Each structure stands twice: as structure tokens, then as C-alpha cells.
$ cat run.cif   # mmCIF, C-alpha atoms and all ligand atoms; chains and numbers go by the auth columns
data_model
loop_
_atom_site.group_PDB
_atom_site.id
_atom_site.type_symbol
_atom_site.label_atom_id
_atom_site.label_comp_id
_atom_site.label_asym_id
_atom_site.label_seq_id
_atom_site.Cartn_x
_atom_site.Cartn_y
_atom_site.Cartn_z
_atom_site.B_iso_or_equiv
_atom_site.auth_seq_id
_atom_site.auth_asym_id
ATOM 1 C CA MET A 1 3.584 -4.231 24.106 0.00 646 A
ATOM 2 C CA SER A 2 4.045 -4.699 20.397 0.00 647 A
ATOM 3 C CA ALA A 3 1.363 -3.090 18.254 0.00 648 A
ATOM 4 C CA GLU A 4 1.155 -3.357 14.509 0.00 649 A
ATOM 5 C CA ALA A 5 1.876 0.069 13.085 0.00 650 A
ATOM 6 C CA GLY A 6 -0.984 2.469 13.634 0.00 651 A
ATOM 7 C CA GLU A 7 -3.178 0.186 15.733 0.00 652 A
ATOM 8 C CA LEU A 8 -5.086 2.363 18.176 0.00 653 A
ATOM 9 C CA VAL A 9 -7.749 0.015 19.490 0.00 654 A
ATOM 10 C CA THR A 10 -7.420 -3.765 19.616 0.00 655 A
ATOM 11 C CA PHE A 11 -10.145 -5.861 21.233 0.00 656 A
ATOM 12 C CA THR A 12 -9.635 -9.577 21.653 0.00 657 A
ATOM 13 C CA GLY A 13 -12.577 -11.701 22.728 0.00 658 A
ATOM 14 C CA LEU A 14 -14.184 -8.724 24.400 0.00 659 A
ATOM 15 C CA LYS A 15 -17.290 -9.446 26.467 0.00 660 A
ATOM 16 C CA LYS A 16 -19.512 -7.191 28.518 0.00 661 A
ATOM 17 C CA VAL A 17 -22.041 -8.304 31.082 0.00 662 A
ATOM 18 C CA TYR A 18 -23.995 -5.756 33.102 0.00 663 A
ATOM 19 C CA HIS A 19 -24.851 -6.802 36.611 0.00 664 A
ATOM 20 C CA LEU A 20 -28.183 -5.651 37.914 0.00 665 A
ATOM 21 C CA PRO A 21 -29.580 -6.770 41.277 0.00 666 A
ATOM 22 C CA GLY A 22 -30.507 -10.435 40.770 0.00 667 A
ATOM 23 C CA LEU A 23 -29.924 -10.205 37.025 0.00 668 A
ATOM 24 C CA GLU A 24 -27.043 -10.563 34.611 0.00 669 A
ATOM 25 C CA VAL A 25 -27.375 -8.802 31.281 0.00 670 A
ATOM 26 C CA PRO A 26 -24.877 -10.109 28.723 0.00 671 A
ATOM 27 C CA VAL A 27 -24.458 -7.430 26.047 0.00 672 A
ATOM 28 C CA LEU A 28 -21.225 -8.044 24.106 0.00 673 A
ATOM 29 C CA HIS A 29 -20.387 -11.653 23.329 0.00 674 A
ATOM 30 C CA GLY A 30 -16.802 -11.778 22.158 0.00 675 A
ATOM 31 C CA ILE A 31 -15.760 -8.858 19.987 0.00 676 A
ATOM 32 C CA ASP A 32 -12.509 -9.019 18.001 0.00 677 A
ATOM 33 C CA LEU A 33 -11.792 -5.630 16.504 0.00 678 A
ATOM 34 C CA THR A 34 -8.890 -3.459 15.413 0.00 679 A
ATOM 35 C CA ILE A 35 -9.158 0.271 14.707 0.00 680 A
ATOM 36 C CA ARG A 36 -6.142 1.924 13.067 0.00 681 A
ATOM 37 C CA ALA A 37 -5.069 5.555 13.032 0.00 682 A
ATOM 38 C CA GLY A 38 -6.828 7.572 10.357 0.00 683 A
ATOM 39 C CA GLU A 39 -9.802 5.223 9.928 0.00 684 A
ATOM 40 C CA PHE A 40 -13.313 6.613 9.513 0.00 685 A
ATOM 41 C CA THR A 41 -15.695 3.953 10.794 0.00 686 A
ATOM 42 C CA ALA A 42 -19.450 3.656 11.210 0.00 687 A
ATOM 43 C CA ILE A 43 -20.966 1.249 13.702 0.00 688 A
ATOM 44 C CA MET A 44 -24.495 0.185 12.825 0.00 689 A
ATOM 45 C CA GLY A 45 -27.018 -2.131 14.416 0.00 690 A
ATOM 46 C CA ALA A 46 -30.486 -2.301 15.912 0.00 691 A
ATOM 47 C CA SER A 47 -31.394 -0.545 19.127 0.00 692 A
ATOM 48 C CA GLY A 48 -30.039 -2.514 22.069 0.00 693 A
ATOM 49 C CA SER A 49 -27.442 -4.380 20.005 0.00 694 A
ATOM 50 C CA GLY A 50 -24.573 -2.973 22.101 0.00 695 A
ATOM 51 C CA LYS A 51 -23.254 -0.056 20.041 0.00 696 A
ATOM 52 C CA SER A 52 -23.073 2.493 22.851 0.00 697 A
ATOM 53 C CA THR A 53 -21.682 -0.139 25.196 0.00 698 A
ATOM 54 C CA LEU A 54 -18.880 -0.764 22.706 0.00 699 A
ATOM 55 C CA MET A 55 -18.224 2.967 22.287 0.00 700 A
ATOM 56 C CA ASN A 56 -18.120 3.441 26.065 0.00 701 A
ATOM 57 C CA ILE A 57 -15.499 0.718 26.396 0.00 702 A
ATOM 58 C CA ILE A 58 -13.431 2.146 23.524 0.00 703 A
ATOM 59 C CA GLY A 59 -13.619 5.551 25.259 0.00 704 A
ATOM 60 C CA PHE A 60 -12.644 4.307 28.727 0.00 705 A
ATOM 61 C CA LEU A 61 -16.037 5.135 30.206 0.00 706 A
ATOM 62 C CA ASP A 62 -16.714 1.489 30.935 0.00 707 A
ATOM 63 C CA ARG A 63 -14.683 -1.696 31.332 0.00 708 A
ATOM 64 C CA PRO A 64 -14.871 -5.033 29.580 0.00 709 A
ATOM 65 C CA SER A 65 -16.032 -8.003 31.650 0.00 710 A
ATOM 66 C CA GLU A 66 -13.797 -10.450 29.761 0.00 711 A
ATOM 67 C CA GLY A 67 -11.255 -10.322 26.973 0.00 712 A
ATOM 68 C CA ALA A 68 -8.445 -7.868 26.351 0.00 713 A
ATOM 69 C CA TYR A 69 -8.242 -4.210 25.338 0.00 714 A
ATOM 70 C CA HIS A 70 -4.970 -2.896 23.940 0.00 715 A
ATOM 71 C CA PHE A 71 -4.726 0.837 23.273 0.00 716 A
ATOM 72 C CA LYS A 72 -1.774 1.879 21.098 0.00 717 A
ATOM 73 C CA GLY A 73 -0.270 -1.489 21.900 0.00 718 A
ATOM 74 C CA GLU A 74 -0.550 -1.099 25.651 0.00 719 A
ATOM 75 C CA ASP A 75 -2.659 -3.559 27.621 0.00 720 A
ATOM 76 C CA VAL A 76 -5.295 -1.327 29.224 0.00 721 A
ATOM 77 C CA THR A 77 -7.714 -4.097 30.192 0.00 722 A
ATOM 78 C CA ALA A 78 -7.113 -3.755 33.904 0.00 723 A
ATOM 79 C CA LEU A 79 -6.190 -0.082 34.278 0.00 724 A
ATOM 80 C CA ASP A 80 -7.314 1.632 37.464 0.00 725 A
ATOM 81 C CA ASP A 81 -9.617 4.665 37.434 0.00 726 A
ATOM 82 C CA ASP A 82 -6.739 7.151 37.354 0.00 727 A
ATOM 83 C CA GLY A 83 -5.056 5.397 34.474 0.00 728 A
ATOM 84 C CA GLU A 84 -8.338 5.282 32.596 0.00 729 A
ATOM 85 C CA SER A 85 -9.143 8.948 33.022 0.00 730 A
ATOM 86 C CA ARG A 86 -5.609 9.927 32.072 0.00 731 A
ATOM 87 C CA ILE A 87 -5.929 8.145 28.725 0.00 732 A
ATOM 88 C CA ARG A 88 -9.541 9.276 28.269 0.00 733 A
ATOM 89 C CA ASN A 89 -8.727 12.970 28.787 0.00 734 A
ATOM 90 C CA ARG A 90 -5.774 12.879 26.459 0.00 735 A
ATOM 91 C CA GLU A 91 -6.764 10.457 23.748 0.00 736 A
ATOM 92 C CA ILE A 92 -10.550 10.493 23.386 0.00 737 A
ATOM 93 C CA GLY A 93 -12.976 13.166 22.182 0.00 738 A
ATOM 94 C CA PHE A 94 -16.681 12.451 22.677 0.00 739 A
ATOM 95 C CA ILE A 95 -19.552 13.756 20.550 0.00 740 A
ATOM 96 C CA TYR A 96 -23.161 13.018 21.494 0.00 741 A
ATOM 97 C CA GLN A 97 -26.547 13.120 19.790 0.00 742 A
ATOM 98 C CA ASN A 98 -27.772 15.938 22.043 0.00 743 A
ATOM 99 C CA PHE A 99 -24.522 17.910 22.055 0.00 744 A
ATOM 100 C CA ASN A 100 -24.193 17.946 25.890 0.00 745 A
ATOM 101 C CA LEU A 101 -23.054 21.574 26.003 0.00 746 A
ATOM 102 C CA LEU A 102 -23.136 23.561 29.235 0.00 747 A
ATOM 103 C CA PRO A 103 -26.024 26.004 28.703 0.00 748 A
ATOM 104 C CA ARG A 104 -24.588 28.891 30.742 0.00 749 A
ATOM 105 C CA CYS A 105 -21.201 28.802 29.064 0.00 750 A
ATOM 106 C CA THR A 106 -20.311 30.358 25.737 0.00 751 A
ATOM 107 C CA ALA A 107 -19.176 28.269 22.795 0.00 752 A
ATOM 108 C CA PHE A 108 -15.611 29.307 23.579 0.00 753 A
ATOM 109 C CA GLU A 109 -15.914 28.228 27.230 0.00 754 A
ATOM 110 C CA ASN A 110 -17.560 24.934 26.296 0.00 755 A
ATOM 111 C CA ILE A 111 -14.754 24.133 23.890 0.00 756 A
ATOM 112 C CA ALA A 112 -12.108 25.066 26.463 0.00 757 A
ATOM 113 C CA LEU A 113 -13.540 22.674 29.055 0.00 758 A
ATOM 114 C CA PRO A 114 -11.520 19.518 28.250 0.00 759 A
ATOM 115 C CA LEU A 115 -8.288 21.545 28.509 0.00 760 A
ATOM 116 C CA PHE A 116 -9.071 22.115 32.179 0.00 761 A
ATOM 117 C CA TYR A 117 -8.088 18.476 32.765 0.00 762 A
ATOM 118 C CA ARG A 118 -4.887 18.759 30.761 0.00 763 A
ATOM 119 C CA ASP A 119 -1.540 20.238 31.683 0.00 764 A
ATOM 120 C CA ASP A 120 0.190 19.743 28.362 0.00 765 A
ATOM 121 C CA VAL A 121 -1.579 22.313 26.177 0.00 766 A
ATOM 122 C CA GLU A 122 0.455 25.498 26.379 0.00 767 A
ATOM 123 C CA ASP A 123 -1.748 28.100 24.757 0.00 768 A
ATOM 124 C CA GLU A 124 -5.343 27.161 25.559 0.00 769 A
ATOM 125 C CA ARG A 125 -6.820 30.285 23.963 0.00 770 A
ATOM 126 C CA ALA A 126 -5.032 29.537 20.707 0.00 771 A
ATOM 127 C CA ALA A 127 -6.179 25.894 20.824 0.00 772 A
ATOM 128 C CA VAL A 128 -9.841 26.928 21.272 0.00 773 A
ATOM 129 C CA THR A 129 -9.587 29.587 18.558 0.00 774 A
ATOM 130 C CA HIS A 130 -8.120 27.009 16.206 0.00 775 A
ATOM 131 C CA ALA A 131 -10.862 24.473 17.033 0.00 776 A
ATOM 132 C CA LEU A 132 -13.536 27.131 16.359 0.00 777 A
ATOM 133 C CA GLU A 133 -11.869 27.812 13.021 0.00 778 A
ATOM 134 C CA ILE A 134 -11.789 24.132 12.036 0.00 779 A
ATOM 135 C CA VAL A 135 -15.548 23.777 12.585 0.00 780 A
ATOM 136 C CA GLY A 136 -16.297 27.075 10.829 0.00 781 A
ATOM 137 C CA LEU A 137 -17.548 29.013 13.863 0.00 782 A
ATOM 138 C CA SER A 138 -14.867 31.646 14.362 0.00 783 A
ATOM 139 C CA ASP A 139 -17.581 34.309 14.603 0.00 784 A
ATOM 140 C CA ARG A 140 -19.695 32.468 17.183 0.00 785 A
ATOM 141 C CA GLY A 141 -17.325 31.979 20.114 0.00 786 A
ATOM 142 C CA HIS A 142 -19.267 34.357 22.367 0.00 787 A
ATOM 143 C CA HIS A 143 -22.645 32.764 21.736 0.00 788 A
ATOM 144 C CA LYS A 144 -24.312 30.558 24.308 0.00 789 A
ATOM 145 C CA PRO A 145 -25.797 27.253 23.102 0.00 790 A
ATOM 146 C CA ASN A 146 -29.369 28.640 23.021 0.00 791 A
ATOM 147 C CA GLU A 147 -28.149 31.365 20.656 0.00 792 A
ATOM 148 C CA LEU A 148 -26.967 28.752 18.155 0.00 793 A
ATOM 149 C CA SER A 149 -28.757 26.459 15.697 0.00 794 A
ATOM 150 C CA GLY A 150 -28.704 22.685 16.210 0.00 795 A
ATOM 151 C CA GLY A 151 -26.025 22.250 13.572 0.00 796 A
ATOM 152 C CA GLN A 152 -23.914 25.013 15.134 0.00 797 A
ATOM 153 C CA ARG A 153 -24.298 23.415 18.584 0.00 798 A
ATOM 154 C CA GLN A 154 -23.031 20.135 17.174 0.00 799 A
ATOM 155 C CA ARG A 155 -20.096 22.001 15.604 0.00 800 A
ATOM 156 C CA VAL A 156 -19.256 23.425 19.028 0.00 801 A
ATOM 157 C CA ALA A 157 -19.437 19.908 20.469 0.00 802 A
ATOM 158 C CA ILE A 158 -17.129 18.668 17.718 0.00 803 A
ATOM 159 C CA ALA A 159 -14.704 21.525 18.420 0.00 804 A
ATOM 160 C CA ARG A 160 -14.775 20.587 22.117 0.00 805 A
ATOM 161 C CA ALA A 161 -14.025 16.977 21.192 0.00 806 A
ATOM 162 C CA LEU A 162 -11.037 17.854 19.019 0.00 807 A
ATOM 163 C CA VAL A 163 -9.548 20.795 20.937 0.00 808 A
ATOM 164 C CA GLY A 164 -7.089 18.603 22.838 0.00 809 A
ATOM 165 C CA ASN A 165 -5.992 16.814 19.672 0.00 810 A
ATOM 166 C CA PRO A 166 -7.149 13.353 20.818 0.00 811 A
ATOM 167 C CA ALA A 167 -6.243 10.105 19.062 0.00 812 A
ATOM 168 C CA ILE A 168 -9.895 9.190 18.437 0.00 813 A
ATOM 169 C CA LEU A 169 -13.174 11.039 17.992 0.00 814 A
ATOM 170 C CA LEU A 170 -16.114 8.947 19.213 0.00 815 A
ATOM 171 C CA ALA A 171 -19.496 10.144 18.007 0.00 816 A
ATOM 172 C CA ASP A 172 -22.679 8.368 19.156 0.00 817 A
ATOM 173 C CA GLU A 173 -25.495 9.262 16.713 0.00 818 A
ATOM 174 C CA PRO A 174 -24.029 12.726 15.989 0.00 819 A
ATOM 175 C CA THR A 175 -26.679 13.500 13.375 0.00 820 A
ATOM 176 C CA GLY A 176 -29.573 11.857 15.232 0.00 821 A
ATOM 177 C CA ALA A 177 -31.048 15.140 16.485 0.00 822 A
ATOM 178 C CA LEU A 178 -30.555 17.077 13.251 0.00 823 A
ATOM 179 C CA ASP A 179 -32.637 17.441 10.101 0.00 824 A
ATOM 180 C CA SER A 180 -31.169 15.716 7.064 0.00 825 A
ATOM 181 C CA LYS A 181 -29.643 18.821 5.483 0.00 826 A
ATOM 182 C CA THR A 182 -27.889 19.812 8.717 0.00 827 A
ATOM 183 C CA GLY A 183 -26.879 16.190 9.250 0.00 828 A
ATOM 184 C CA GLN A 184 -25.330 16.249 5.790 0.00 829 A
ATOM 185 C CA GLU A 185 -23.331 19.365 6.732 0.00 830 A
ATOM 186 C CA ILE A 186 -22.087 17.687 9.894 0.00 831 A
ATOM 187 C CA MET A 187 -21.035 14.655 7.832 0.00 832 A
ATOM 188 C CA ASP A 188 -19.183 17.000 5.453 0.00 833 A
ATOM 189 C CA LEU A 189 -17.330 18.310 8.502 0.00 834 A
ATOM 190 C CA PHE A 190 -16.464 14.786 9.666 0.00 835 A
ATOM 191 C CA ARG A 191 -15.185 14.010 6.179 0.00 836 A
ATOM 192 C CA ALA A 192 -12.998 17.091 6.281 0.00 837 A
ATOM 193 C CA LEU A 193 -11.683 16.011 9.698 0.00 838 A
ATOM 194 C CA HIS A 194 -10.964 12.554 8.274 0.00 839 A
ATOM 195 C CA GLY A 195 -9.092 14.343 5.475 0.00 840 A
ATOM 196 C CA ARG A 196 -6.962 16.047 8.145 0.00 841 A
ATOM 197 C CA GLY A 197 -6.027 12.645 9.525 0.00 842 A
ATOM 198 C CA CYS A 198 -8.504 12.352 12.415 0.00 843 A
ATOM 199 C CA THR A 199 -9.569 8.868 13.472 0.00 844 A
ATOM 200 C CA ILE A 200 -13.354 8.816 13.753 0.00 845 A
ATOM 201 C CA ILE A 201 -15.740 6.148 15.004 0.00 846 A
ATOM 202 C CA MET A 202 -19.421 6.975 14.791 0.00 847 A
ATOM 203 C CA VAL A 203 -22.615 5.165 15.617 0.00 848 A
ATOM 204 C CA THR A 204 -25.519 5.722 13.279 0.00 849 A
ATOM 205 C CA HIS A 205 -28.833 4.114 12.357 0.00 850 A
ATOM 206 C CA ASP A 206 -28.818 5.922 9.040 0.00 851 A
ATOM 207 C CA ARG A 207 -27.330 4.121 6.041 0.00 852 A
ATOM 208 C CA GLN A 208 -26.993 7.409 4.155 0.00 853 A
ATOM 209 C CA VAL A 209 -24.925 8.814 7.036 0.00 854 A
ATOM 210 C CA ALA A 210 -22.843 5.627 7.235 0.00 855 A
ATOM 211 C CA SER A 211 -22.113 5.802 3.510 0.00 856 A
ATOM 212 C CA HIS A 212 -19.825 8.785 4.191 0.00 857 A
ATOM 213 C CA CYS A 213 -17.572 6.540 6.281 0.00 858 A
ATOM 214 C CA LYS A 214 -14.821 4.331 4.864 0.00 859 A
ATOM 215 C CA ARG A 215 -15.607 1.276 6.958 0.00 860 A
ATOM 216 C CA ILE A 216 -18.937 -0.041 8.209 0.00 861 A
ATOM 217 C CA ILE A 217 -19.198 -2.463 11.117 0.00 862 A
ATOM 218 C CA GLU A 218 -22.551 -4.045 11.835 0.00 863 A
ATOM 219 C CA ILE A 219 -23.439 -5.390 15.248 0.00 864 A
ATOM 220 C CA LYS A 220 -26.253 -7.756 16.024 0.00 865 A
ATOM 221 C CA ASP A 221 -27.026 -8.933 19.550 0.00 866 A
ATOM 222 C CA GLY A 222 -23.549 -8.078 20.765 0.00 867 A
ATOM 223 C CA ARG A 223 -21.629 -9.709 17.907 0.00 868 A
ATOM 224 C CA ILE A 224 -20.011 -8.237 14.829 0.00 869 A
ATOM 225 C CA THR A 225 -21.910 -9.636 11.850 0.00 870 A
ATOM 226 C CA SER A 226 -20.251 -7.615 9.121 0.00 871 A
ATOM 227 C CA ASP A 227 -17.151 -5.448 8.734 0.00 872 A
ATOM 228 C CA SER A 228 -16.510 -3.985 5.317 0.00 873 A
ATOM 229 C CA LEU A 229 -14.816 -1.135 3.517 0.00 874 A
ATOM 230 C CA THR A 230 -17.081 1.163 1.511 0.00 875 A
HETATM 231 N N1 LIG B . -25.724 0.253 32.649 0.00 901 B
HETATM 232 C C1 LIG B . -26.442 -0.767 32.157 0.00 901 B
HETATM 233 N N2 LIG B . -26.954 -1.694 32.998 0.00 901 B
HETATM 234 C C2 LIG B . -27.658 -2.733 32.524 0.00 901 B
HETATM 235 N N3 LIG B . -27.945 -2.935 31.226 0.00 901 B
HETATM 236 C C3 LIG B . -27.480 -2.044 30.356 0.00 901 B
HETATM 237 C C4 LIG B . -26.716 -0.910 30.767 0.00 901 B
HETATM 238 N N4 LIG B . -26.367 -0.183 29.670 0.00 901 B
HETATM 239 C C5 LIG B . -26.924 -0.851 28.632 0.00 901 B
HETATM 240 N N5 LIG B . -27.585 -1.953 29.027 0.00 901 B
HETATM 241 C C6 LIG B . -28.265 -2.922 28.160 0.00 901 B
HETATM 242 O O1 LIG B . -27.319 -3.332 27.169 0.00 901 B
HETATM 243 C C7 LIG B . -27.949 -3.502 25.919 0.00 901 B
HETATM 244 C C8 LIG B . -27.191 -2.694 24.882 0.00 901 B
HETATM 245 O O2 LIG B . -27.309 -1.313 25.178 0.00 901 B
HETATM 246 P P1 LIG B . -26.616 -0.194 24.297 0.00 901 B
HETATM 247 O O3 LIG B . -26.932 1.100 24.930 0.00 901 B
HETATM 248 O O4 LIG B . -25.204 -0.546 24.092 0.00 901 B
HETATM 249 O O5 LIG B . -27.412 -0.380 22.925 0.00 901 B
HETATM 250 P P2 LIG B . -27.324 0.482 21.584 0.00 901 B
HETATM 251 O O6 LIG B . -26.958 -0.463 20.498 0.00 901 B
HETATM 252 O O7 LIG B . -26.463 1.673 21.792 0.00 901 B
HETATM 253 O O8 LIG B . -28.850 0.918 21.388 0.00 901 B
HETATM 254 P P3 LIG B . -29.464 2.308 20.833 0.00 901 B
HETATM 255 O O9 LIG B . -29.375 2.215 19.328 0.00 901 B
HETATM 256 O O10 LIG B . -30.892 2.263 21.296 0.00 901 B
HETATM 257 O O11 LIG B . -28.691 3.442 21.400 0.00 901 B
HETATM 258 C C9 LIG B . -29.397 -3.080 26.107 0.00 901 B
HETATM 259 O O12 LIG B . -30.177 -4.243 26.207 0.00 901 B
HETATM 260 C C10 LIG B . -29.398 -2.317 27.396 0.00 901 B
HETATM 261 O O13 LIG B . -30.592 -2.492 28.061 0.00 901 B
HETATM 262 MG MG MG B . -26.834 3.703 21.870 0.00 902 B
#
$ encode --input "run.cif" --output "C-alpha cells"
Amino acid sequence: MSAEAGELVTFTGLKKVYHLPGLEVPVLHGIDLTIRAGEFTAIMGASGSGKSTLMNIIGFLDRPSEGAYHFKGEDVTALDDDGESRIRNREIGFIYQNFNLLPRCTAFENIALPLFYRDDVEDERAAVTHALEIVGLSDRGHHKPNELSGGQRQRVAIARALVGNPAILLADEPTGALDSKTGQEIMDLFRALHGRGCTIIMVTHDRQVASHCKRIIEIKDGRITSDSLT
């Protein structure tokens, strides 16, 4: 298990085939990719090109069909479910287009949720308070999602993703449900998080959004067609 310094994600010849009854759907066709600590990466590509599939594999929500996945130098290609969820809970923070907040819970409770699966965070209240502070919502902890604007809901979701101090934030179209001004504010927040050393991978269709990132990877039909620094 020798990783080059700072390598978080290393895919070698990664393939994904979905199996439906009587049908095989090949989606990723041999992805070689390295993501290092502190990178701020956009993944772009047409609908159906495999972006979410790739994110799900990075985030231990799905498994590759072929090829190898090394996480922090450890071969995680064939981890069992327990091993996968252990790494996922500790190392990955997810952010979605539609926020995925629990409607009956306050912002504070939503943000605290991932800590429920962790036993290594000593002061959970302090961690949530700090996460609220980072996203600029210290005065909104008691609000429920329907008492918040779209941009504020996404901030809560971002706080929930980062509360456990994961190695990687994975954001699938985080500005997709927001107007452009609010999307811009969310990108400002991601930039600030990048400035604090967070590793961020986001999917976007929007070139303006992607231009905030430091690296842009383009996927076409399950293959990387371009990978460049901005
Ligand atoms: N669970 C699944 N079972 C079978 N096929 C799937 C499954 N998930 C995704 N696919 C197929 O894999 C391909 C890639 O899907 P994916 O969701 O990764 O695309 P995407 O690039 O994220 O698209 P979008 O921009 O629309 O979100 C699609 O053709 C889709 O139909
Ligand atoms: Mg998708």
C-alpha cells in the first residue's frame, strides 16, 4: 500500500457495467484517475455520460465492475459492505442538487446526523456549531428546511457534509436547483472551503460554475476525454 503523497483516490482501468434483467449496461469504460488532497475538481459531461456513476464509486455508494480503486493508498476494490460504510461515514461528505434534508428536523439536527454514525467526534454540539459558522448560518440552527431559502438549505447540506471533517466533499450538481446569483454564492462558499484545504469534487453542467474549480475533467460516454487545470 504505497501511495504517492496526498493521493486520495486512484482509479486504474475502472469499469462499471450495470446489470438489468436480460440487459447489460456498460457505463464506465476504463477510467484512470488520481485525485489528490486539496484539489478542487469539476466533472463535466453530457447527461448519461457516467458522472454520477463515477461519483457514487468514489463515495463508496457503488462498486466498480472491473479495475482497481485505491483510497489513500489502500486497495478498496473488494471491500465488504461494512468496510465500505466505515470509510464512507468517515471520509466522504455528500452534497446533492436537491439538498436531501430531513424536513422535520432543524438545520442543527440535519447537520448532526452524520455524527450519529461516528464514535470518534467528542463534542458533537461544538462540531455542528462550528459547521454552521463555516457556512454562515450561525443564526439559523433552529430553522427547519421549509423556513430557509434554497441557498440556505444548500448551506445546511454543505455543513452536514463537512461536519465530520471528511477527506472529500462530493457534490453532484450542487447549484443545479439554484438561481444563478445563489449558485454564485454557493460557489464562493466552495472556494472558501477549498481555501481551508478541503478536497472537493463537483459535477456540473455549467461552464461558469466549473470555472471556479482548479481542475476540469470532461467525460464522454464513460471515458475521460479531457483533464486540465484552469
Ligand atoms: N442503477 C442503474 N442501473 C442501470 N443503469 C444505470 C443505473 N444508474 C445509471 N445507469 C445508466 O448509466 C448511464 C450513466 O448514468 P449517470 O447517472 O452516471 O449519468 P450522469 O452523467 O450523471 O447523467 P446526468 O447528467 O443526467 O445526471 C445512464 O445511461 C444510465 O441510464
Ligand atoms: Mg448525474
$ closest_residue --input "run.cif" --among "A:Val780, A:Ala650, A:Ala816, A:Ile831" --to "ligand LIG 901 (chain B)" --atoms "all atoms listed in the file"
A:Ala816
$ atom_distance --input "run.cif" --atom1 "CA of Glu719 (chain A)" --atom2 "CA of Leu653 (chain A)"
9.4 Å
$ residues_near_ligand --input "run.cif" --ligand "ligand LIG 901 (chain B)" --cutoff "7 Å" --atoms "all atoms listed in the file" --output "MDAnalysis selection string"
chainID A and resid 663:665 670 672 690:699
$ resolve_selection --input "run.cif" --expression "the PyMOL selection byres (((chain A and resi 863) around 9) and not hetatm)" --output "PyMOL selection string"
chain A and resi 687-690+861-862+864-865+868-873
$ atom_distance --input "run.cif" --atom1 "CA of Ala804 (chain A)" --atom2 "CA of Ala776 (chain A)"
5.0 Å
$ resolve_selection --input "run.cif" --expression "the PyMOL selection byres (((chain A and resi 806-812) around 9) and not hetatm)" --output "ChimeraX atom specification"
/A:653,682,733-740,756-757,759-760,763,766,769,772-773,775-777,801-805,813-815,843-845
$ residues_around --input "run.cif" --residues "His715 (chain A)" --least-positions-apart "6" --cutoff "12 Å" --atoms "only C-alpha atoms" --output "list in words"
Met646, Ser647, Ala648, Glu649, Glu652, Leu653, Val654, Thr655, Phe656, Thr657, Gly658, Leu659, Asp677, Leu678, Thr679, Ile680, Arg681, Ile702, Ile703, Phe705, Pro709, Val721, Thr722, Ala723 and Leu724 of chain A
$ atom_distance --input "run.cif" --atom1 "CA of His850 (chain A)" --atom2 "CA of Arg708 (chain A)"
24.4 Å
$ build_atoms --input "run.cif" --residues "region 754-770 of chain A" --atoms "N, CA and C atoms" --output "compact mmCIF listing (two decimals), in the frame of the given file"
# COMPACT_ATOMS: atom_id res chain seq x y z
N GLU A 754 -16.13 28.87 25.92
CA GLU A 754 -15.91 28.23 27.23
C GLU A 754 -16.20 26.73 27.18
N ASN A 755 -17.26 26.36 26.44
CA ASN A 755 -17.56 24.93 26.30
C ASN A 755 -16.40 24.19 25.65
N ILE A 756 -15.84 24.80 24.62
CA ILE A 756 -14.75 24.13 23.89
C ILE A 756 -13.50 24.04 24.76
N ALA A 757 -13.31 25.03 25.61
CA ALA A 757 -12.11 25.07 26.46
C ALA A 757 -12.16 24.02 27.58
N LEU A 758 -13.36 23.53 27.88
CA LEU A 758 -13.54 22.67 29.06
C LEU A 758 -12.58 21.49 29.17
N PRO A 759 -12.41 20.69 28.10
CA PRO A 759 -11.52 19.52 28.25
C PRO A 759 -10.08 19.91 28.60
N LEU A 760 -9.68 21.13 28.26
CA LEU A 760 -8.29 21.54 28.51
C LEU A 760 -8.04 21.76 30.00
N PHE A 761 -9.15 21.96 30.73
CA PHE A 761 -9.07 22.12 32.18
C PHE A 761 -8.42 20.89 32.82
N TYR A 762 -8.63 19.72 32.21
CA TYR A 762 -8.09 18.48 32.76
C TYR A 762 -6.73 18.11 32.19
N ARG A 763 -6.16 19.04 31.43
CA ARG A 763 -4.89 18.76 30.76
C ARG A 763 -3.84 19.76 31.23
N ASP A 764 -2.59 19.30 31.30
CA ASP A 764 -1.54 20.24 31.68
C ASP A 764 -0.50 20.37 30.58
N ASP A 765 -0.82 19.79 29.42
CA ASP A 765 0.19 19.74 28.36
C ASP A 765 -0.17 20.61 27.16
N VAL A 766 -1.23 21.43 27.28
CA VAL A 766 -1.58 22.31 26.18
C VAL A 766 -1.16 23.72 26.58
N GLU A 767 -0.16 24.25 25.91
CA GLU A 767 0.46 25.50 26.38
C GLU A 767 -0.45 26.71 26.22
N ASP A 768 -0.94 26.92 25.01
CA ASP A 768 -1.75 28.10 24.76
C ASP A 768 -3.20 27.67 24.53
N GLU A 769 -3.98 27.68 25.63
CA GLU A 769 -5.34 27.16 25.56
C GLU A 769 -6.22 28.04 24.67
N ARG A 770 -6.03 29.35 24.76
CA ARG A 770 -6.82 30.28 23.96
C ARG A 770 -6.60 30.01 22.47
